[in-house]
Protein chains: 2
Amino acid sequence: MNAVGTSTARDGRRIARLFHALADETRLRIVEQLADGEQCVCDLTDALEAGQSRLSFHLKTLKDAGLVTDRRQGRWIYYTLRPDAVDELRDVVGAIGAPRGRGLRIASRCCG
Amino acid sequence: MNAVGTSTARDGRRIARLFHALADETRLRIVEQLADGEQCVCDLTDALEAGQSRLSFHLKTLKDAGLVTDRRQGRWIYYTLRPDAVDELRDVVGAIGAPRGRGLRIASRCCG
DNA sequence: ACGACCCATCGACCAATCTTGATACCGTGC
DNA sequence: GCACGGTATCAAGATTGGTCGATGGGTCGT
């Protein structure tokens with residue numbers, strides 16, 4: 001009963017950021033890769049054939065949106081999808097298009 | 001078994017556009033409003049207290065992404081959520097984080 | 001301590017996006 | 001036909017986003 005339906009302005013910004021994080025082909029491919037599990041940047045660099053700087057930029061975007069976390073191990077940094085963020089995403093899109101049950105909406109001013 | 005998991009480049013662009021359409025507070029609020037059913041621009045203008053030009057811009061963005069359709073009736077234009085687009089969205093986020101079943105991924109080059 | 005490697009961050013640049021005000025378009029009613 | 005209301009579209013400016021190359025900070029092996 002939350003998500004889009006009852007979003008406050010703050011939630012709106014947060015959710016918009018979530019979607020923005022996925023609104024880029026490179027980042028979609030990163031997420032796709034991370035579905036297979038934790039990966040370090042060098043793996044992603046290989047898989048996506050993207051420059052290291054570019055990848056780092058997008059990983060930061062995903063991280064700022066809360067979609068991934070990173071963990072350092074030795075000289076590598078591993079990135080993982082955050083399950084709770086994925087869940088939230090599912091909740092939000094699950095709520096899209098679901099009426100908020102305020103009863104049938106009557107056209108307010110025009111359109112009569 | 002499609003969505004993010006097996007996305008081609010074309011799908012990627014399309015899905016990125018879908019997410020981009022939702023990556024904006026104003027558009028999220030529009031979608032939220034449309035959950036209650038068909039609405040004309042004047043209703044949305046009232047509900048969101050947004051300028052007509054701005055609203056029109058965002059509605060076009062949503063329409064280009066395939067998330068809404070419009071229908072003219074008299075001098076008003078009604079916008080509606082496209083159920084199939086909402087379904088596609090659900091499929092896509094449903095696939096996010098779901099491993100593609102290629103077996104356990106072995107770290108390829110580094111990270112051993 | 002040094003060099004090699006992994007990665008983040010910065011600066012500069014170009015492209016895309018958003019906002020606003022002005023204008024044009026299309027129905028409607030007179 | 002004319003005026004008006006609802007909406008799209010255009011032009012211009014501000015903001016944000018993405019790419020690239022260079023630089024710098026950790027970490028490891030020697």
# chains A, B, ... in the order shown; residues from 1 in each chain; ligands from 1
>>> residues_around(residues="Ile77 in chain A", least_positions_apart="4", cutoff="7 Å", atoms="only C-alpha atoms (C1' of nucleotides)", output="ChimeraX atom specification")
/A:40-41,70-73
>>> residues_around(residues="DA12 in chain C", least_positions_apart="3", cutoff="12 Å", atoms="only C-alpha atoms (C1' of nucleotides)", output="PyMOL selection string")
chain D and resi 19-22
>>> select_by_dssp(residues="chain A", states="strand (DSSP E or B)", output="ChimeraX atom specification")
/A:39-40,68-73,76-81
>>> write_last_selection(atoms="C-alpha atoms", output="PDB file, in the first residue's frame")
ATOM      1  CA  GLN A  39      31.726  -9.511  -9.347  1.00  0.00           C
ATOM      2  CA  CYS A  40      34.763  -7.315  -9.259  1.00  0.00           C
ATOM      3  CA  VAL A  68      24.390  -2.283  -5.261  1.00  0.00           C
ATOM      4  CA  THR A  69      26.944  -2.502  -2.489  1.00  0.00           C
ATOM      5  CA  ASP A  70      30.661  -2.909  -2.717  1.00  0.00           C
ATOM      6  CA  ARG A  71      33.121  -4.808  -0.638  1.00  0.00           C
ATOM      7  CA  ARG A  72      36.870  -4.675  -0.788  1.00  0.00           C
ATOM      8  CA  GLN A  73      38.901  -7.833  -0.744  1.00  0.00           C
ATOM      9  CA  TRP A  76      39.703  -6.039  -5.779  1.00  0.00           C
ATOM     10  CA  ILE A  77      36.373  -4.497  -5.061  1.00  0.00           C
ATOM     11  CA  TYR A  78      33.353  -6.708  -5.407  1.00  0.00           C
ATOM     12  CA  TYR A  79      29.938  -5.378  -6.316  1.00  0.00           C
ATOM     13  CA  THR A  80      26.662  -7.059  -5.416  1.00  0.00           C
ATOM     14  CA  LEU A  81      23.016  -6.367  -6.003  1.00  0.00           C
TER      15      LEU A  81
END
>>> closest_residue(among="C:DT17, C:DT28, C:DT23, C:DT9", to="DT15 in chain D", atoms="only C-alpha atoms (C1' of nucleotides)")
C:DT17
>>> residues_around(residues="DA14 in chain D", least_positions_apart="6", cutoff="12 Å", atoms="only C-alpha atoms (C1' of nucleotides)", output="number ranges by chain")
C: 17-20
>>> write_last_selection(atoms="C-alpha atoms (C1' of nucleotides)", output="short mmCIF file (atom, residue, chain, number, x, y, z; two decimals), in the first residue's frame")
data_model
loop_
_atom_site.label_atom_id
_atom_site.label_comp_id
_atom_site.auth_asym_id
_atom_site.auth_seq_id
_atom_site.Cartn_x
_atom_site.Cartn_y
_atom_site.Cartn_z
"C1'" DT C 17 17.04 16.54 -20.43
"C1'" DC C 18 14.02 19.85 -18.07
"C1'" DT C 19 11.79 24.32 -17.57
"C1'" DT C 20 9.50 28.39 -19.11
#
>>> interface_residues(of="chain B", to="chain C", cutoff="8 Å", atoms="only C-alpha atoms (C1' of nucleotides)", output="ChimeraX atom specification")
/B:54,74-75
>>> closest_atom_pairs(of="chain A", to="chain D", cutoff="12 Å", atoms="only C-alpha atoms (C1' of nucleotides)", output="CSV")
residue,atom,partner,partner_atom,distance
A:His20,CA,D:DG17,C1',10.6
A:Ala21,CA,D:DG17,C1',11.5
A:Ala23,CA,D:DG17,C1',11.3
A:Asp24,CA,D:DG18,C1',9.9
A:Glu25,CA,D:DG18,C1',11.6
A:Thr26,CA,D:DG18,C1',10.6
A:Arg27,CA,D:DG18,C1',11.8
A:Ala50,CA,D:DT19,C1',10.8
A:Gly51,CA,D:DC20,C1',8.9
A:Gln52,CA,D:DC20,C1',10.4
A:Ser53,CA,D:DC20,C1',8.1
A:Arg54,CA,D:DT19,C1',6.9
A:Leu55,CA,D:DT19,C1',10.5
A:Ser56,CA,D:DT19,C1',11.8
A:Phe57,CA,D:DG18,C1',8.8
A:His58,CA,D:DG18,C1',9.2
A:Thr61,CA,D:DG17,C1',10.7
A:Arg72,CA,D:DG26,C1',10.4
A:Gln73,CA,D:DT27,C1',9.5
A:Gly74,CA,D:DT27,C1',6.3
A:Arg75,CA,D:DT27,C1',5.2
A:Trp76,CA,D:DT27,C1',8.8
A:Ile77,CA,D:DG26,C1',11.2
A:Cys110,CA,D:DG6,C1',10.0
A:Cys111,CA,D:DG6,C1',10.6
>>> write_last_selection(atoms="N, CA and C atoms", output="CSV table (one decimal), in the first residue's frame")
chain,number,residue,atom,x,y,z
A,20,HIS,N,16.1,5.9,-12.3
A,20,HIS,CA,17.2,6.6,-13.1
A,20,HIS,C,18.4,5.7,-13.2
A,21,ALA,N,18.6,5.0,-12.1
A,21,ALA,CA,19.8,4.1,-12.1
A,21,ALA,C,19.7,3.0,-13.1
A,23,ALA,N,18.0,3.4,-16.0
A,23,ALA,CA,17.7,4.1,-17.2
A,23,ALA,C,18.9,4.3,-18.1
A,24,ASP,N,19.7,3.3,-18.2
A,24,ASP,CA,20.9,3.4,-19.0
A,24,ASP,C,21.4,2.0,-19.4
A,25,GLU,N,21.7,1.8,-20.6
A,25,GLU,CA,22.0,0.5,-21.1
A,25,GLU,C,23.2,-0.1,-20.4
A,26,THR,N,24.3,0.7,-20.2
A,26,THR,CA,25.4,0.1,-19.5
A,26,THR,C,25.1,-0.4,-18.1
A,27,ARG,N,24.3,0.4,-17.4
A,27,ARG,CA,23.9,0.0,-16.1
A,27,ARG,C,23.0,-1.2,-16.1
A,50,ALA,N,33.9,-2.3,-21.5
A,50,ALA,CA,33.8,-0.9,-21.3
A,50,ALA,C,35.0,-0.4,-20.5
A,51,GLY,N,35.4,0.9,-20.8
A,51,GLY,CA,36.5,1.5,-20.1
A,51,GLY,C,36.3,1.5,-18.6
A,52,GLN,N,37.5,1.4,-17.9
A,52,GLN,CA,37.4,1.3,-16.5
A,52,GLN,C,36.8,2.6,-15.8
A,53,SER,N,37.1,3.7,-16.3
A,53,SER,CA,36.5,4.9,-15.8
A,53,SER,C,35.0,5.0,-16.0
A,54,ARG,N,34.6,4.6,-17.2
A,54,ARG,CA,33.2,4.6,-17.4
A,54,ARG,C,32.4,3.7,-16.5
A,55,LEU,N,33.0,2.5,-16.3
A,55,LEU,CA,32.4,1.5,-15.5
A,55,LEU,C,32.3,2.0,-14.0
A,56,SER,N,33.3,2.6,-13.6
A,56,SER,CA,33.4,3.1,-12.2
A,56,SER,C,32.3,4.2,-12.0
A,57,PHE,N,32.1,5.0,-13.0
A,57,PHE,CA,31.1,6.0,-13.0
A,57,PHE,C,29.7,5.4,-12.8
A,58,HIS,N,29.4,4.4,-13.6
A,58,HIS,CA,28.1,3.8,-13.5
A,58,HIS,C,27.9,3.0,-12.3
A,61,THR,N,26.9,5.4,-9.7
A,61,THR,CA,25.5,5.7,-9.9
A,61,THR,C,24.6,4.7,-9.3
A,72,ARG,N,35.5,-4.6,-0.4
A,72,ARG,CA,36.9,-4.7,-0.8
A,72,ARG,C,37.5,-6.0,-0.3
A,73,GLN,N,38.2,-6.6,-1.2
A,73,GLN,CA,38.9,-7.8,-0.7
A,73,GLN,C,40.2,-7.8,-1.5
A,74,GLY,N,41.3,-7.6,-0.7
A,74,GLY,CA,42.6,-7.5,-1.3
A,74,GLY,C,42.6,-6.3,-2.2
A,75,ARG,N,43.1,-6.4,-3.4
A,75,ARG,CA,43.1,-5.3,-4.3
A,75,ARG,C,41.8,-5.2,-5.2
A,76,TRP,N,40.9,-6.1,-5.0
A,76,TRP,CA,39.7,-6.0,-5.8
A,76,TRP,C,38.5,-5.5,-5.0
A,77,ILE,N,37.6,-4.9,-5.7
A,77,ILE,CA,36.4,-4.5,-5.1
A,77,ILE,C,35.2,-5.2,-5.7
A,110,CYS,N,-13.3,19.6,-15.6
A,110,CYS,CA,-13.7,19.7,-17.0
A,110,CYS,C,-14.2,18.3,-17.4
A,111,CYS,N,-14.2,18.0,-18.6
A,111,CYS,CA,-14.4,16.6,-19.1
A,111,CYS,C,-15.8,16.1,-18.6
>>> interface_residues(of="chain A", to="chain B", cutoff="8 Å", atoms="only C-alpha atoms", output="number ranges by chain")
A: 4-5, 12-13, 15-20, 22-25, 28-29, 31-32, 34-37, 39-40, 42-43, 76, 81, 83, 86, 89-90, 93-94, 96-100, 104-105, 107-111
>>> atom_distance(atom1="CA of Ile30 in chain A", atom2="CA of Glu88 in chain B")
20.0 Å
>>> atom_distance(atom1="CA of Asp84 in chain B", atom2="CA of Leu59 in chain B")
17.5 Å
